[in-house]
Amino acid sequence: MTSSIKVALAGAGAFGLKHLDGIKLIDGVEVISLVGRELDKTHEAAKKYGVGHATTELSETLKVPGLDAVILATPTQMHAAQAIQCLEAGKHVQVEIPLADSLKDAEAVVAMQKTTGLVAMAGHTRRFNPSHQFVHKRILADAFHIQQMDVQTYFFRRTNMNALGEPRSWTDHLLWHHAAHTVDLFAYQARSPIVTANAVQGPIHANLGIAMDMSIQLKCANGAICTLSLSFNNDGPLGTFFRYIGDSATYIARYDDLFTGKDEKIDVSKVDVSMNGIELQDREFFAAIREGREPNASVEQVLPCYQVLGAIEKQLAAG
């Protein structure tokens, strides 16, 4: 593909706008349609970003002439069905994390990708953050080996609000959304499949219907272990913080930034062409389309993560 890639974004909310900001910095890509839940707000976002078409229906966008690909930043519960809808329409697709909220649906997306041969990628951003890329390069160079990862995923979300402080139309989930980041990253960085997964969760919230606190333990076939603590009740620093404890160093990753175990900042500005993990994720998606190859974080590559989440869900349901 030598011409401009024409892409649509479905989900013009807080995270969708991050994709639009990143795409503005990528040459040879044009956003030609926006899909949103509320037409007025979608038109407003389209005008701000210079997008010529806005709608509330993904099916309408999939018929826009010249469309090559779709990025889905829609509510979790819609991801799998919409990804399959895009692939069936002959469009490459990037699905924001999580790929699905059940193993069955994740497997269905992978099956459809294999049928179509199109590029289908999941938004597992941690693979692309410069901080985690730095560690990954050290691992590939055989200069660092993970002994343990200690991860904290903390938010203060006792009401159903998004990152912009606006009411959500859907309910977030600690296991199928937030744990997916760490489960995938742990196996990716350890370069070994997860063979043991244990979890406990706190009380189910009376209104939201989800657990607000969760603890997960993981072990890879090579012996590396991971402890993941998740909470929607934490009134303090928000986000996910990763501590890599290895045989030659300790690293602390905070999104795109990286520190030593003694909290000394490490310069990761030259790790990739940008310091923005979302932009780098999108660059990989478009590069895979142009080059006709499987992307990093393809739906097939991340399927083992959802197999682990499915096993954990069964364990939690069994009490």
# chains A, B, ... in the order shown; residues from 1 in each chain; ligands from 1

$ residues_around --residues "Thr240 of chain A" --least-positions-apart "6" --cutoff "10 Å" --atoms "only C-alpha atoms" --output "PyMOL selection string"
chain A and resi 151-155+178+181-182+228-230+253-255

$ write_last_selection --atoms "all heavy atoms" --output "compact mmCIF listing (two decimals), in the first residue's frame"
# COMPACT_ATOMS: atom_id res chain seq x y z
N VAL A 151 3.07 -5.37 40.46
CA VAL A 151 2.30 -4.39 39.70
C VAL A 151 1.11 -3.91 40.53
O VAL A 151 0.41 -4.71 41.16
CB VAL A 151 1.80 -5.00 38.37
CG1 VAL A 151 1.11 -3.94 37.53
CG2 VAL A 151 2.95 -5.64 37.61
N GLN A 152 0.90 -2.61 40.51
CA GLN A 152 -0.24 -2.00 41.19
C GLN A 152 -1.07 -1.24 40.17
O GLN A 152 -0.56 -0.36 39.47
CB GLN A 152 0.23 -1.04 42.29
CG GLN A 152 1.02 -1.72 43.40
CD GLN A 152 1.56 -0.71 44.40
OE1 GLN A 152 1.84 0.44 44.05
NE2 GLN A 152 1.72 -1.14 45.63
N THR A 153 -2.35 -1.59 40.06
CA THR A 153 -3.28 -0.89 39.17
C THR A 153 -4.36 -0.27 40.05
O THR A 153 -5.24 -0.97 40.55
CB THR A 153 -3.90 -1.87 38.16
OG1 THR A 153 -2.87 -2.36 37.29
CG2 THR A 153 -4.96 -1.17 37.31
N TYR A 154 -4.25 1.04 40.25
CA TYR A 154 -5.11 1.71 41.23
C TYR A 154 -5.87 2.89 40.61
O TYR A 154 -5.29 3.74 39.93
CB TYR A 154 -4.27 2.24 42.40
CG TYR A 154 -3.68 1.14 43.27
CD1 TYR A 154 -2.55 1.40 44.04
CD2 TYR A 154 -4.24 -0.13 43.33
CE1 TYR A 154 -2.01 0.40 44.86
CE2 TYR A 154 -3.72 -1.11 44.13
CZ TYR A 154 -2.59 -0.85 44.89
OH TYR A 154 -2.06 -1.83 45.68
N PHE A 155 -7.17 2.93 40.89
CA PHE A 155 -8.02 4.04 40.49
C PHE A 155 -8.95 4.38 41.65
O PHE A 155 -9.08 3.61 42.60
CB PHE A 155 -8.87 3.66 39.26
CG PHE A 155 -8.05 3.34 38.04
CD1 PHE A 155 -7.73 2.02 37.75
CD2 PHE A 155 -7.61 4.33 37.19
CE1 PHE A 155 -6.96 1.71 36.63
CE2 PHE A 155 -6.85 4.03 36.07
CZ PHE A 155 -6.53 2.72 35.79
N HIS A 178 -8.37 -4.12 33.08
CA HIS A 178 -7.11 -3.66 33.68
C HIS A 178 -6.11 -4.78 33.91
O HIS A 178 -4.91 -4.61 33.70
CB HIS A 178 -7.42 -2.89 34.96
CG HIS A 178 -8.22 -1.65 34.71
ND1 HIS A 178 -7.67 -0.54 34.11
CD2 HIS A 178 -9.52 -1.38 34.91
CE1 HIS A 178 -8.62 0.38 33.98
NE2 HIS A 178 -9.74 -0.10 34.45
N HIS A 181 -3.83 -5.88 30.77
CA HIS A 181 -2.55 -5.21 30.50
C HIS A 181 -1.38 -6.00 31.10
O HIS A 181 -0.39 -6.29 30.43
CB HIS A 181 -2.55 -3.80 31.11
CG HIS A 181 -3.25 -2.77 30.29
ND1 HIS A 181 -2.80 -2.37 29.06
CD2 HIS A 181 -4.37 -2.05 30.54
CE1 HIS A 181 -3.60 -1.43 28.56
NE2 HIS A 181 -4.56 -1.22 29.45
N THR A 182 -1.49 -6.32 32.38
CA THR A 182 -0.38 -6.94 33.09
C THR A 182 -0.21 -8.41 32.73
O THR A 182 0.92 -8.89 32.57
CB THR A 182 -0.58 -6.79 34.61
OG1 THR A 182 -0.57 -5.39 34.93
CG2 THR A 182 0.52 -7.50 35.38
N LEU A 228 -0.06 -9.00 41.17
CA LEU A 228 -0.82 -7.86 40.66
C LEU A 228 -1.93 -7.50 41.64
O LEU A 228 -2.77 -8.33 41.98
CB LEU A 228 -1.42 -8.22 39.29
CG LEU A 228 -2.47 -7.25 38.71
CD1 LEU A 228 -1.89 -5.87 38.50
CD2 LEU A 228 -3.03 -7.82 37.40
N SER A 229 -1.92 -6.25 42.10
CA SER A 229 -2.96 -5.72 42.97
C SER A 229 -3.77 -4.70 42.19
O SER A 229 -3.20 -3.80 41.54
CB SER A 229 -2.34 -5.06 44.20
OG SER A 229 -3.31 -4.37 44.97
N LEU A 230 -5.10 -4.84 42.21
CA LEU A 230 -5.97 -3.92 41.48
C LEU A 230 -7.05 -3.37 42.41
O LEU A 230 -7.58 -4.10 43.25
CB LEU A 230 -6.67 -4.63 40.31
CG LEU A 230 -5.80 -5.38 39.31
CD1 LEU A 230 -5.94 -6.88 39.53
CD2 LEU A 230 -6.18 -5.04 37.88
N ALA A 253 8.41 1.14 36.04
CA ALA A 253 7.80 1.76 34.86
C ALA A 253 6.50 2.44 35.24
O ALA A 253 5.63 1.82 35.86
CB ALA A 253 7.55 0.71 33.78
N ARG A 254 6.39 3.70 34.89
CA ARG A 254 5.16 4.46 35.10
C ARG A 254 4.73 5.00 33.74
O ARG A 254 5.21 6.02 33.29
CB ARG A 254 5.38 5.59 36.10
CG ARG A 254 5.88 5.10 37.47
CD ARG A 254 6.04 6.25 38.48
NE ARG A 254 6.49 5.76 39.77
CZ ARG A 254 7.71 6.01 40.29
NH1 ARG A 254 8.57 6.76 39.63
NH2 ARG A 254 8.04 5.52 41.47
N TYR A 255 3.87 4.24 33.07
CA TYR A 255 3.43 4.56 31.72
C TYR A 255 4.67 4.70 30.81
O TYR A 255 5.43 3.76 30.67
CB TYR A 255 2.52 5.78 31.70
CG TYR A 255 1.18 5.47 32.33
CD1 TYR A 255 0.94 5.73 33.67
CD2 TYR A 255 0.19 4.86 31.58
CE1 TYR A 255 -0.28 5.40 34.25
CE2 TYR A 255 -1.03 4.53 32.16
CZ TYR A 255 -1.26 4.79 33.49
OH TYR A 255 -2.45 4.46 34.07

$ select_by_dssp --residues "segment 88-241 of chain A" --states "helix (DSSP H, G or I)" --output "PyMOL selection string"
chain A and resi 88+103-116+125-127+130-140+174-190

$ residues_around --residues "Ile245 of chain A" --least-positions-apart "4" --cutoff "8 Å" --atoms "only C-alpha atoms" --output "ChimeraX atom specification"
/A:146-150,249-251

$ residues_around --residues "Arg37 of chain A" --least-positions-apart "2" --cutoff "10 Å" --atoms "only C-alpha atoms" --output "list in words"
Ala10, Gly11, Ala12, Gly13, Val35, Leu39, Asp40, Lys41, Thr42, Thr55, Thr56, Glu57, Thr74 and Ser169 of chain A

$ write_last_selection --atoms "N, CA and C atoms" --output "PDB file, in the first residue's frame"
ATOM      1  N   ALA A  10     -14.005   4.543  15.976  1.00  0.00           N
ATOM      2  CA  ALA A  10     -15.288   4.329  16.642  1.00  0.00           C
ATOM      3  C   ALA A  10     -15.076   4.455  18.141  1.00  0.00           C
ATOM      4  N   GLY A  11     -15.768   5.408  18.748  1.00  0.00           N
ATOM      5  CA  GLY A  11     -15.603   5.661  20.174  1.00  0.00           C
ATOM      6  C   GLY A  11     -14.861   6.957  20.407  1.00  0.00           C
ATOM      7  N   ALA A  12     -15.551   8.074  20.222  1.00  0.00           N
ATOM      8  CA  ALA A  12     -14.910   9.387  20.340  1.00  0.00           C
ATOM      9  C   ALA A  12     -14.949   9.892  21.775  1.00  0.00           C
ATOM     10  N   GLY A  13     -14.631   9.004  22.727  1.00  0.00           N
ATOM     11  CA  GLY A  13     -14.575   9.382  24.133  1.00  0.00           C
ATOM     12  C   GLY A  13     -13.164   9.721  24.555  1.00  0.00           C
ATOM     13  N   VAL A  35     -17.216   7.620  14.783  1.00  0.00           N
ATOM     14  CA  VAL A  35     -18.446   7.024  15.280  1.00  0.00           C
ATOM     15  C   VAL A  35     -18.525   7.304  16.774  1.00  0.00           C
ATOM     16  N   LEU A  39     -24.562  12.073  18.748  1.00  0.00           N
ATOM     17  CA  LEU A  39     -24.223  12.674  17.463  1.00  0.00           C
ATOM     18  C   LEU A  39     -23.649  14.086  17.605  1.00  0.00           C
ATOM     19  N   ASP A  40     -24.221  14.905  18.494  1.00  0.00           N
ATOM     20  CA  ASP A  40     -23.735  16.279  18.653  1.00  0.00           C
ATOM     21  C   ASP A  40     -22.275  16.295  19.091  1.00  0.00           C
ATOM     22  N   LYS A  41     -21.937  15.482  20.094  1.00  0.00           N
ATOM     23  CA  LYS A  41     -20.561  15.441  20.578  1.00  0.00           C
ATOM     24  C   LYS A  41     -19.621  14.855  19.525  1.00  0.00           C
ATOM     25  N   THR A  42     -20.122  13.897  18.751  1.00  0.00           N
ATOM     26  CA  THR A  42     -19.300  13.290  17.709  1.00  0.00           C
ATOM     27  C   THR A  42     -19.012  14.303  16.605  1.00  0.00           C
ATOM     28  N   THR A  55     -21.021   9.923  12.672  1.00  0.00           N
ATOM     29  CA  THR A  55     -22.240   9.140  12.749  1.00  0.00           C
ATOM     30  C   THR A  55     -22.316   8.434  14.098  1.00  0.00           C
ATOM     31  N   THR A  56     -23.458   7.875  14.402  1.00  0.00           N
ATOM     32  CA  THR A  56     -23.604   7.050  15.600  1.00  0.00           C
ATOM     33  C   THR A  56     -23.643   5.566  15.235  1.00  0.00           C
ATOM     34  N   GLU A  57     -23.523   5.233  13.944  1.00  0.00           N
ATOM     35  CA  GLU A  57     -23.658   3.853  13.489  1.00  0.00           C
ATOM     36  C   GLU A  57     -22.382   3.363  12.816  1.00  0.00           C
ATOM     37  N   THR A  74     -14.447   1.736  21.714  1.00  0.00           N
ATOM     38  CA  THR A  74     -15.831   1.691  22.183  1.00  0.00           C
ATOM     39  C   THR A  74     -15.906   0.960  23.516  1.00  0.00           C
ATOM     40  N   SER A 169     -21.145   5.158  29.759  1.00  0.00           N
ATOM     41  CA  SER A 169     -22.332   4.429  29.310  1.00  0.00           C
ATOM     42  C   SER A 169     -22.176   2.931  29.547  1.00  0.00           C
TER      43      SER A 169
END

$ closest_residue --among "A:Ala317, A:Leu185, A:Cys226, A:Ile289" --to "Ala211 of chain A" --atoms "only C-alpha atoms"
A:Ala317

$ closest_residue --among "A:Ile97, A:Ala46, A:Leu17, A:Val299" --to "His177 of chain A" --atoms "only C-alpha atoms"
A:Ile97

$ select_by_dssp --residues "segment 39-86 of chain A" --states "strand (DSSP E or B)" --output "MDAnalysis selection string"
chainID A and resid 54:55 69:72

$ residues_around --residues "Ser248 of chain A" --least-positions-apart "3" --cutoff "8 Å" --atoms "only C-alpha atoms" --output "ChimeraX atom specification"
/A:143-145

$ residues_around --residues "Glu284 of chain A" --least-positions-apart "6" --cutoff "12 Å" --atoms "only C-alpha atoms" --output "list in words"
Gly22, Ile23, Ile26, Gln94, Val119, Ala120, Met121, Ala122, Gly123, His124, Thr125, Arg127, Phe128, Asp272, Val273, Gly277, Ile278, Arg290, Glu291, Gly292, Arg293, Glu294, Pro295, Asn296, Ala297 and Ser298 of chain A

$ write_last_selection --atoms "N, CA and C atoms" --output "mmCIF file, in the first residue's frame"
data_model
loop_
_atom_site.group_PDB
_atom_site.id
_atom_site.type_symbol
_atom_site.label_atom_id
_atom_site.label_comp_id
_atom_site.auth_asym_id
_atom_site.auth_seq_id
_atom_site.Cartn_x
_atom_site.Cartn_y
_atom_site.Cartn_z
ATOM 1 N N GLY A 22 -2.683 11.030 18.491
ATOM 2 C CA GLY A 22 -1.525 10.289 18.009
ATOM 3 C C GLY A 22 -1.484 10.199 16.503
ATOM 4 N N ILE A 23 -2.629 9.955 15.874
ATOM 5 C CA ILE A 23 -2.689 9.791 14.421
ATOM 6 C C ILE A 23 -2.283 11.079 13.708
ATOM 7 N N ILE A 26 1.251 10.987 12.544
ATOM 8 C CA ILE A 26 1.685 9.880 11.692
ATOM 9 C C ILE A 26 1.418 10.223 10.230
ATOM 10 N N GLN A 94 -8.106 -2.424 14.634
ATOM 11 C CA GLN A 94 -7.387 -2.391 15.909
ATOM 12 C C GLN A 94 -8.433 -2.221 17.005
ATOM 13 N N VAL A 119 -5.334 -7.517 8.883
ATOM 14 C CA VAL A 119 -4.618 -7.140 10.096
ATOM 15 C C VAL A 119 -5.632 -6.916 11.204
ATOM 16 N N ALA A 120 -5.453 -7.621 12.298
ATOM 17 C CA ALA A 120 -6.320 -7.447 13.469
ATOM 18 C C ALA A 120 -5.412 -7.395 14.689
ATOM 19 N N MET A 121 -5.479 -6.290 15.398
ATOM 20 C CA MET A 121 -4.536 -5.998 16.480
ATOM 21 C C MET A 121 -5.301 -5.551 17.711
ATOM 22 N N ALA A 122 -4.792 -5.915 18.877
ATOM 23 C CA ALA A 122 -5.397 -5.476 20.136
ATOM 24 C C ALA A 122 -4.542 -4.370 20.749
ATOM 25 N N GLY A 123 -5.211 -3.440 21.421
ATOM 26 C CA GLY A 123 -4.514 -2.276 21.973
ATOM 27 C C GLY A 123 -3.829 -2.555 23.292
ATOM 28 N N HIS A 124 -2.877 -3.485 23.287
ATOM 29 C CA HIS A 124 -2.101 -3.784 24.492
ATOM 30 C C HIS A 124 -0.934 -2.809 24.565
ATOM 31 N N THR A 125 -1.240 -1.606 25.022
ATOM 32 C CA THR A 125 -0.331 -0.470 24.928
ATOM 33 C C THR A 125 0.991 -0.686 25.651
ATOM 34 N N ARG A 127 3.042 -2.977 25.600
ATOM 35 C CA ARG A 127 4.090 -3.486 24.713
ATOM 36 C C ARG A 127 4.811 -2.348 23.985
ATOM 37 N N PHE A 128 4.154 -1.185 23.904
ATOM 38 C CA PHE A 128 4.667 -0.086 23.096
ATOM 39 C C PHE A 128 5.189 1.097 23.902
ATOM 40 N N ASP A 272 12.329 4.910 20.856
ATOM 41 C CA ASP A 272 11.502 4.837 19.653
ATOM 42 C C ASP A 272 11.320 6.250 19.111
ATOM 43 N N VAL A 273 10.509 6.383 18.073
ATOM 44 C CA VAL A 273 10.358 7.680 17.412
ATOM 45 C C VAL A 273 9.470 8.636 18.196
ATOM 46 N N GLY A 277 3.025 6.173 24.016
ATOM 47 C CA GLY A 277 2.731 4.766 23.771
ATOM 48 C C GLY A 277 1.547 4.551 22.842
ATOM 49 N N ILE A 278 0.517 5.396 22.937
ATOM 50 C CA ILE A 278 -0.652 5.247 22.062
ATOM 51 C C ILE A 278 -0.262 5.520 20.615
ATOM 52 N N ARG A 290 0.544 -1.553 5.871
ATOM 53 C CA ARG A 290 1.365 -1.209 4.702
ATOM 54 C C ARG A 290 2.261 -2.370 4.272
ATOM 55 N N GLU A 291 2.828 -3.061 5.252
ATOM 56 C CA GLU A 291 3.816 -4.094 4.972
ATOM 57 C C GLU A 291 3.209 -5.484 4.808
ATOM 58 N N GLY A 292 1.890 -5.590 5.016
ATOM 59 C CA GLY A 292 1.218 -6.867 4.855
ATOM 60 C C GLY A 292 1.727 -7.936 5.793
ATOM 61 N N ARG A 293 1.923 -7.577 7.064
ATOM 62 C CA ARG A 293 2.485 -8.508 8.054
ATOM 63 C C ARG A 293 1.649 -8.535 9.321
ATOM 64 N N GLU A 294 1.961 -9.488 10.178
ATOM 65 C CA GLU A 294 1.307 -9.576 11.484
ATOM 66 C C GLU A 294 1.872 -8.489 12.398
ATOM 67 N N PRO A 295 1.018 -7.741 13.068
ATOM 68 C CA PRO A 295 1.527 -6.704 13.974
ATOM 69 C C PRO A 295 1.926 -7.273 15.336
ATOM 70 N N ASN A 296 2.784 -6.560 16.023
ATOM 71 C CA ASN A 296 3.004 -6.845 17.439
ATOM 72 C C ASN A 296 1.671 -6.599 18.152
ATOM 73 N N ALA A 297 1.277 -7.525 19.042
ATOM 74 C CA ALA A 297 -0.018 -7.481 19.734
ATOM 75 C C ALA A 297 -1.174 -7.822 18.799
ATOM 76 N N SER A 298 -0.907 -8.680 17.809
ATOM 77 C CA SER A 298 -2.001 -9.188 16.984
ATOM 78 C C SER A 298 -2.989 -9.927 17.884
#

$ atom_distance --atom1 "atom CA of Gly28 of chain A" --atom2 "atom CA of Ala81 of chain A"
28.4 Å

$ residues_around --residues "Lys63 of chain A" --least-positions-apart "3" --cutoff "12 Å" --atoms "only C-alpha atoms" --output "list in words"
Ala8, Ile32, Ser33, His53, Thr55, Glu57, Leu58, Ser59, Glu60, Gly66, Leu67, Asp68, Ala69, Val70, Gln85, Cys86, Ala89, Gly90 and Lys91 of chain A

$ closest_residue --among "A:Asp101, A:Gly319, A:Val109, A:Asp172" --to "Gly202 of chain A" --atoms "only C-alpha atoms"
A:Gly319
